[in-house]
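Comments concern the structure below.
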Amino acid sequence: GDGMGGGTGGGDTDGGMIIPVTNDTCGTALDITSMLSAGADGGTGTTFTVNLAGANNDDKGTCAAISSSGKDAVYKLTLSSAKDITVSAAPAGNGSDPAVYIRKTDCATGTELRCVDNASSANATEVALVKNQPAGDHFIFIDSFDANSAGPVTVTVTVDGPTIAPAGDVCASAIDITPTAGGSTNTINGNLTGFDNDSSGSCGGGASEAVYKL
């Protein structure tokens, strides 16, 4: 939503000196729930800047493109009811190349809901969207592709919805297409509008997909 409040996400630059990021582990995650402000579209959100050059390498998402040397900062977001969460991480300085991943509680070992790092476009704005998340704690990691690309990042977190995903959007709601009789054939006509990019096969794939069960 618009009308978002601004703030500081740690690791700012003061007179050319990089201030260390103090929220770069799960134990020191910065709670941004109170930073959310109402937007004209009915959602809530906040925007802040973090300089990952002042962080350490404490964690790593599952995105294949992320190097094991990337520096990260951790943020906690507590939902009071089911909502969609959108996290945008935009480079705010030359050479900054961010990545984003989101986990449910527990911060360190919880399910990773989304991990984005556009390997085909360095210094790109990364956007992670998770829909219809239940009430409770969620943890947002702003990471860098590697140590050399750790720099200032402008982060926007938006909470709205929730959006109910269509059947077949994830494995848990896979559509059963088992033929009703031996030797029979099912023909499927699909439209991926409203579906998300939740999985990818070994041959690639970076767009929306539907899941079927046979």
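We label chains A, B, ... in the order they appear in the structure tokens, count residues from 1 in each chain, and number ligands from 1 in the order shown.
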
Hey, could you make a per-residue contact list for region 25-58 of chain A against region 84-93 of chain A with 10 Å as the cut-off, showing the nearest pair of atoms and its distance in Å to one decimal, counting only C-alpha atoms, sorted by chain and number, as a Markdown table?
| residue | atom | partner | partner_atom | distance |
| --- | --- | --- | --- | --- |
| A:Gly43 | CA | A:Asp84 | CA | 9.6 |
| A:Thr44 | CA | A:Ile85 | CA | 10.0 |
| A:Gly45 | CA | A:Thr86 | CA | 9.2 |
| A:Thr46 | CA | A:Val87 | CA | 9.9 |
| A:Thr47 | CA | A:Ser88 | CA | 9.2 |
| A:Phe48 | CA | A:Ala89 | CA | 9.9 |
| A:Thr49 | CA | A:Ala92 | CA | 8.1 |
| A:Val50 | CA | A:Ala92 | CA | 9.2 |
| A:Asn51 | CA | A:Ala92 | CA | 8.8 |

Quiz prompt | Between CA of Gly54 (chain A) and CA of Thr78 (chain A), distance in Å (one decimal) | solution =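 If I compute the distance from CA of Gly54 (chain A) to CA of Thr78 (chain A), I get 25.5 Å.
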
Quiz item: Between CA of Ser144 (chain A) and CA of Thr33 (chain A), what is the distance, to one decimal in Å?
Solution: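 Interatomic distance here is 23.1 Å.
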
Exercise. Give me the residues within 12 Å of Leu79 (chain A) as JSON, numbers by chain, counting only C-alpha atoms and dropping any in the same chain fewer than 6 places off.
Key: {"A": [31, 32, 33, 34, 36, 44, 85, 104, 105, 132, 133, 134, 135, 136, 137, 138, 139, 158, 159, 160, 161, 162]}

Create the file for the chosen residues now, containing all heavy atoms and written as a compact mmCIF listing (two decimals), in the first residue's frame.
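Ended up saving to result-v7.txt:
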# COMPACT_ATOMS: atom_id res chain seq x y z
N ASP A 31 12.15 -6.09 14.96
CA ASP A 31 10.69 -6.18 14.81
C ASP A 31 10.19 -4.92 14.09
O ASP A 31 10.31 -3.81 14.60
CB ASP A 31 10.03 -6.31 16.18
CG ASP A 31 8.57 -6.75 16.08
OD1 ASP A 31 7.93 -6.46 15.05
OD2 ASP A 31 8.08 -7.37 17.04
N ILE A 32 9.63 -5.10 12.89
CA ILE A 32 9.14 -3.96 12.11
C ILE A 32 7.62 -3.85 12.14
O ILE A 32 7.05 -3.01 11.45
CB ILE A 32 9.62 -4.05 10.64
CG1 ILE A 32 9.10 -5.34 9.98
CG2 ILE A 32 11.14 -3.98 10.57
CD1 ILE A 32 9.36 -5.39 8.49
N THR A 33 6.96 -4.67 12.96
CA THR A 33 5.50 -4.66 12.99
C THR A 33 4.95 -3.28 13.32
O THR A 33 4.01 -2.80 12.69
CB THR A 33 4.98 -5.69 14.01
OG1 THR A 33 5.57 -6.96 13.75
CG2 THR A 33 3.47 -5.80 13.95
N SER A 34 5.55 -2.62 14.31
CA SER A 34 5.06 -1.31 14.73
C SER A 34 5.39 -0.21 13.72
O SER A 34 4.88 0.91 13.83
CB SER A 34 5.63 -0.94 16.10
OG SER A 34 7.05 -0.83 16.03
N LEU A 36 4.66 -0.39 10.54
CA LEU A 36 3.68 -0.39 9.46
C LEU A 36 2.71 0.78 9.61
O LEU A 36 2.22 1.06 10.70
CB LEU A 36 2.89 -1.70 9.45
CG LEU A 36 3.68 -2.99 9.27
CD1 LEU A 36 2.73 -4.19 9.32
CD2 LEU A 36 4.45 -2.98 7.96
N THR A 44 -1.19 -1.98 4.62
CA THR A 44 -0.23 -1.29 5.49
C THR A 44 1.18 -1.61 4.99
O THR A 44 1.40 -2.63 4.33
CB THR A 44 -0.36 -1.73 6.96
OG1 THR A 44 -0.14 -3.14 7.05
CG2 THR A 44 -1.73 -1.38 7.51
N ILE A 85 1.98 -10.95 2.24
CA ILE A 85 3.18 -10.18 2.55
C ILE A 85 3.99 -10.01 1.27
O ILE A 85 4.30 -10.99 0.59
CB ILE A 85 4.06 -10.89 3.60
CG1 ILE A 85 3.28 -11.17 4.88
CG2 ILE A 85 5.31 -10.07 3.90
CD1 ILE A 85 4.04 -12.06 5.87
N LYS A 104 8.60 -18.78 8.02
CA LYS A 104 7.68 -18.82 9.16
C LYS A 104 8.50 -19.10 10.42
O LYS A 104 9.64 -19.54 10.35
CB LYS A 104 6.66 -19.94 8.99
CG LYS A 104 5.57 -19.72 7.96
CD LYS A 104 4.60 -20.88 8.09
CE LYS A 104 3.59 -20.90 6.97
NZ LYS A 104 2.69 -22.07 7.10
N THR A 105 7.84 -18.89 11.57
CA THR A 105 8.47 -19.30 12.84
C THR A 105 8.77 -20.80 12.75
O THR A 105 7.97 -21.57 12.25
CB THR A 105 7.50 -19.03 14.00
OG1 THR A 105 7.23 -17.65 14.05
CG2 THR A 105 8.07 -19.49 15.31
N ASN A 132 -1.79 -15.17 1.72
CA ASN A 132 -2.66 -15.80 2.71
C ASN A 132 -1.87 -16.47 3.83
O ASN A 132 -2.10 -17.63 4.17
CB ASN A 132 -3.57 -16.82 2.01
CG ASN A 132 -4.73 -17.26 2.89
OD1 ASN A 132 -5.19 -16.51 3.76
ND2 ASN A 132 -5.24 -18.46 2.65
N GLN A 133 -0.96 -15.70 4.42
CA GLN A 133 -0.17 -16.22 5.53
C GLN A 133 -0.94 -16.10 6.84
O GLN A 133 -1.60 -15.10 7.09
CB GLN A 133 1.15 -15.47 5.63
CG GLN A 133 2.07 -15.74 4.48
CD GLN A 133 2.37 -17.23 4.33
OE1 GLN A 133 2.89 -17.84 5.26
NE2 GLN A 133 2.03 -17.80 3.19
N PRO A 134 -0.89 -17.11 7.69
CA PRO A 134 -1.67 -17.10 8.93
C PRO A 134 -1.11 -16.12 9.95
O PRO A 134 0.03 -15.66 9.85
CB PRO A 134 -1.55 -18.54 9.43
CG PRO A 134 -0.22 -18.99 8.90
CD PRO A 134 -0.10 -18.35 7.54
N ALA A 135 -1.93 -15.81 10.94
CA ALA A 135 -1.48 -14.96 12.05
C ALA A 135 -0.26 -15.59 12.70
O ALA A 135 -0.13 -16.81 12.80
CB ALA A 135 -2.60 -14.79 13.07
N GLY A 136 0.67 -14.74 13.16
CA GLY A 136 1.87 -15.23 13.81
C GLY A 136 3.11 -14.53 13.28
O GLY A 136 3.03 -13.57 12.52
N ASP A 137 4.26 -15.02 13.69
CA ASP A 137 5.54 -14.40 13.35
C ASP A 137 6.06 -14.89 12.00
O ASP A 137 6.02 -16.09 11.71
CB ASP A 137 6.58 -14.70 14.42
CG ASP A 137 6.24 -14.07 15.76
OD1 ASP A 137 5.48 -13.08 15.77
OD2 ASP A 137 6.71 -14.58 16.80
N HIS A 138 6.56 -13.94 11.21
CA HIS A 138 7.24 -14.24 9.96
C HIS A 138 8.57 -13.49 9.97
O HIS A 138 8.67 -12.40 10.53
CB HIS A 138 6.39 -13.81 8.77
CG HIS A 138 5.13 -14.60 8.62
ND1 HIS A 138 4.06 -14.46 9.49
CD2 HIS A 138 4.76 -15.55 7.72
CE1 HIS A 138 3.09 -15.29 9.12
NE2 HIS A 138 3.49 -15.96 8.05
N PHE A 139 9.58 -14.09 9.35
CA PHE A 139 10.92 -13.50 9.38
C PHE A 139 11.40 -13.22 7.97
O PHE A 139 11.36 -14.08 7.09
CB PHE A 139 11.89 -14.42 10.13
CG PHE A 139 11.56 -14.54 11.59
CD1 PHE A 139 10.67 -15.51 12.04
CD2 PHE A 139 12.10 -13.65 12.50
CE1 PHE A 139 10.34 -15.60 13.39
CE2 PHE A 139 11.77 -13.73 13.85
CZ PHE A 139 10.89 -14.71 14.29
N THR A 158 5.00 -4.68 2.44
CA THR A 158 3.58 -4.37 2.33
C THR A 158 2.76 -5.55 2.84
O THR A 158 3.06 -6.70 2.54
CB THR A 158 3.19 -4.09 0.86
OG1 THR A 158 4.05 -3.08 0.32
CG2 THR A 158 1.75 -3.61 0.77
N VAL A 159 1.71 -5.25 3.61
CA VAL A 159 0.81 -6.26 4.14
C VAL A 159 -0.61 -5.90 3.71
O VAL A 159 -1.10 -4.81 3.97
CB VAL A 159 0.89 -6.31 5.69
CG1 VAL A 159 -0.14 -7.30 6.25
CG2 VAL A 159 2.29 -6.68 6.14
N ASP A 160 -1.27 -6.82 3.01
CA ASP A 160 -2.66 -6.57 2.59
C ASP A 160 -3.35 -7.91 2.34
O ASP A 160 -2.85 -8.96 2.70
CB ASP A 160 -2.72 -5.67 1.35
CG ASP A 160 -1.87 -6.18 0.20
OD1 ASP A 160 -1.49 -7.37 0.22
OD2 ASP A 160 -1.58 -5.40 -0.72
N GLY A 161 -4.52 -7.87 1.71
CA GLY A 161 -5.25 -9.11 1.41
C GLY A 161 -6.02 -9.64 2.62
O GLY A 161 -6.50 -8.85 3.44
N PRO A 162 -6.17 -10.97 2.73
CA PRO A 162 -5.39 -11.98 2.02
C PRO A 162 -5.98 -12.39 0.67
O PRO A 162 -7.16 -12.21 0.42
CB PRO A 162 -5.45 -13.18 2.98
CG PRO A 162 -6.82 -13.05 3.61
CD PRO A 162 -7.05 -11.57 3.75

Quiz item: Among chain A, which ones does DSSP place in strand (DSSP E or B), written as a ChimeraX atom specification?
Solution: /A:5-8,13-14,17-18,30-31,37-38,44-51,56,72-79,83-91,98-104,112-116,126-133,136-144,152-160,175-176,201,204,212-213

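Around Phe145 (chain A), within 10 Å and counting only C-alpha atoms, the residues found are Lys60, Cys63, Ala65, Ile66, Ser67, Ser68, Ser69, Gly70, Lys71, Asp72, Ser96, Asp97, Pro98, Ala99, Val100, Asp117, Asn118, Ala119, Ala122, Asn123, Asn148, Ser149 and Ala150 of chain A, once anything fewer than 3 positions away on its own chain is removed.
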
Quiz prompt | Pairwise distance for CA of Ala174 (chain A) and CA of Leu113 (chain A), rounded to one decimal in Å | solution = 17.4 Å

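Residue nearest Lys83 (chain A), chosen from A:Ala38, A:Lys131, A:Pro152, A:Ile102 and counting only C-alpha atoms: A:Lys131.
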
Self-check item: Every residue of chain A that DSSP places in helix (DSSP H, G or I), as a ChimeraX atom specification
Solution: /A:26-28,33-35,52-54,147-149,171-173

File of the preceding selection, N, CA, C and O atoms, as an mmCIF file, in the first residue's frame:
data_model
loop_
_atom_site.group_PDB
_atom_site.id
_atom_site.type_symbol
_atom_site.label_atom_id
_atom_site.label_comp_id
_atom_site.auth_asym_id
_atom_site.auth_seq_id
_atom_site.Cartn_x
_atom_site.Cartn_y
_atom_site.Cartn_z
ATOM 1 N N CYS A 26 19.064 -14.308 13.839
ATOM 2 C CA CYS A 26 17.689 -14.534 14.294
ATOM 3 C C CYS A 26 17.484 -14.012 15.717
ATOM 4 O O CYS A 26 16.431 -13.480 16.054
ATOM 5 N N GLY A 27 18.508 -14.146 16.542
ATOM 6 C CA GLY A 27 18.387 -13.696 17.923
ATOM 7 C C GLY A 27 18.293 -12.196 18.080
ATOM 8 O O GLY A 27 17.854 -11.701 19.124
ATOM 9 N N THR A 28 18.710 -11.449 17.040
ATOM 10 C CA THR A 28 18.672 -9.987 17.111
ATOM 11 C C THR A 28 17.753 -9.389 16.050
ATOM 12 O O THR A 28 17.868 -8.217 15.701
ATOM 13 N N THR A 33 6.960 -4.671 12.958
ATOM 14 C CA THR A 33 5.497 -4.663 12.989
ATOM 15 C C THR A 33 4.954 -3.281 13.323
ATOM 16 O O THR A 33 4.012 -2.798 12.686
ATOM 17 N N SER A 34 5.549 -2.620 14.306
ATOM 18 C CA SER A 34 5.056 -1.309 14.730
ATOM 19 C C SER A 34 5.393 -0.213 13.724
ATOM 20 O O SER A 34 4.881 0.906 13.832
ATOM 21 N N MET A 35 6.238 -0.505 12.742
ATOM 22 C CA MET A 35 6.616 0.480 11.736
ATOM 23 C C MET A 35 5.593 0.577 10.611
ATOM 24 O O MET A 35 5.633 1.501 9.793
ATOM 25 N N LEU A 52 23.985 -3.387 3.883
ATOM 26 C CA LEU A 52 24.467 -4.724 4.224
ATOM 27 C C LEU A 52 25.986 -4.806 4.333
ATOM 28 O O LEU A 52 26.520 -5.809 4.820
ATOM 29 N N ALA A 53 26.672 -3.759 3.920
ATOM 30 C CA ALA A 53 28.125 -3.752 4.097
ATOM 31 C C ALA A 53 28.489 -3.804 5.576
ATOM 32 O O ALA A 53 29.593 -4.227 5.938
ATOM 33 N N GLY A 54 27.554 -3.381 6.439
ATOM 34 C CA GLY A 54 27.795 -3.410 7.873
ATOM 35 C C GLY A 54 27.315 -4.670 8.553
ATOM 36 O O GLY A 54 27.303 -4.753 9.782
ATOM 37 N N ALA A 147 29.660 -11.305 -0.766
ATOM 38 C CA ALA A 147 30.225 -10.273 0.112
ATOM 39 C C ALA A 147 30.524 -8.989 -0.645
ATOM 40 O O ALA A 147 30.365 -7.883 -0.113
ATOM 41 N N ASN A 148 30.938 -9.107 -1.903
ATOM 42 C CA ASN A 148 31.305 -7.923 -2.679
ATOM 43 C C ASN A 148 30.099 -7.091 -3.103
ATOM 44 O O ASN A 148 30.241 -5.913 -3.431
ATOM 45 N N SER A 149 28.916 -7.687 -3.123
ATOM 46 C CA SER A 149 27.713 -6.965 -3.534
ATOM 47 C C SER A 149 26.865 -6.525 -2.348
ATOM 48 O O SER A 149 25.696 -6.189 -2.502
ATOM 49 N N CYS A 171 1.601 -27.791 -3.838
ATOM 50 C CA CYS A 171 1.465 -29.248 -3.723
ATOM 51 C C CYS A 171 0.311 -29.659 -2.815
ATOM 52 O O CYS A 171 -0.382 -30.655 -3.073
ATOM 53 N N ALA A 172 0.102 -28.889 -1.742
ATOM 54 C CA ALA A 172 -0.945 -29.248 -0.780
ATOM 55 C C ALA A 172 -2.336 -29.209 -1.392
ATOM 56 O O ALA A 172 -3.258 -29.875 -0.893
ATOM 57 N N SER A 173 -2.516 -28.436 -2.462
ATOM 58 C CA SER A 173 -3.845 -28.341 -3.092
ATOM 59 C C SER A 173 -3.826 -28.881 -4.523
ATOM 60 O O SER A 173 -4.616 -28.473 -5.371
#

Quiz item: Of the candidates A:Thr178, A:Ser208, A:Val153, A:Val127, which shows the shortest atom-to-atom distance to Gly190 (chain A), using only C-alpha atoms?
Solution: A:Ser208

Exercise. Do a neighbour search on Asn23 (chain A) at 8 Å with only C-alpha atoms, toss out local chain neighbours closer than 6 positions, and write the hits as number ranges by chain.
Key: A: 10, 29-30, 73-75

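Distances to Ala55 (chain A) were evaluated for A:Gly42, A:Pro179, A:Pro20, A:Gly194 using only C-alpha atoms, and the minimum falls at A:Pro20.
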
Quiz prompt | Closest of A:Ala82, A:Leu129, A:Leu77, A:Ile140 to Ala108 (chain A) - atom-to-atom distances counting only C-alpha atoms | solution = A:Ile140
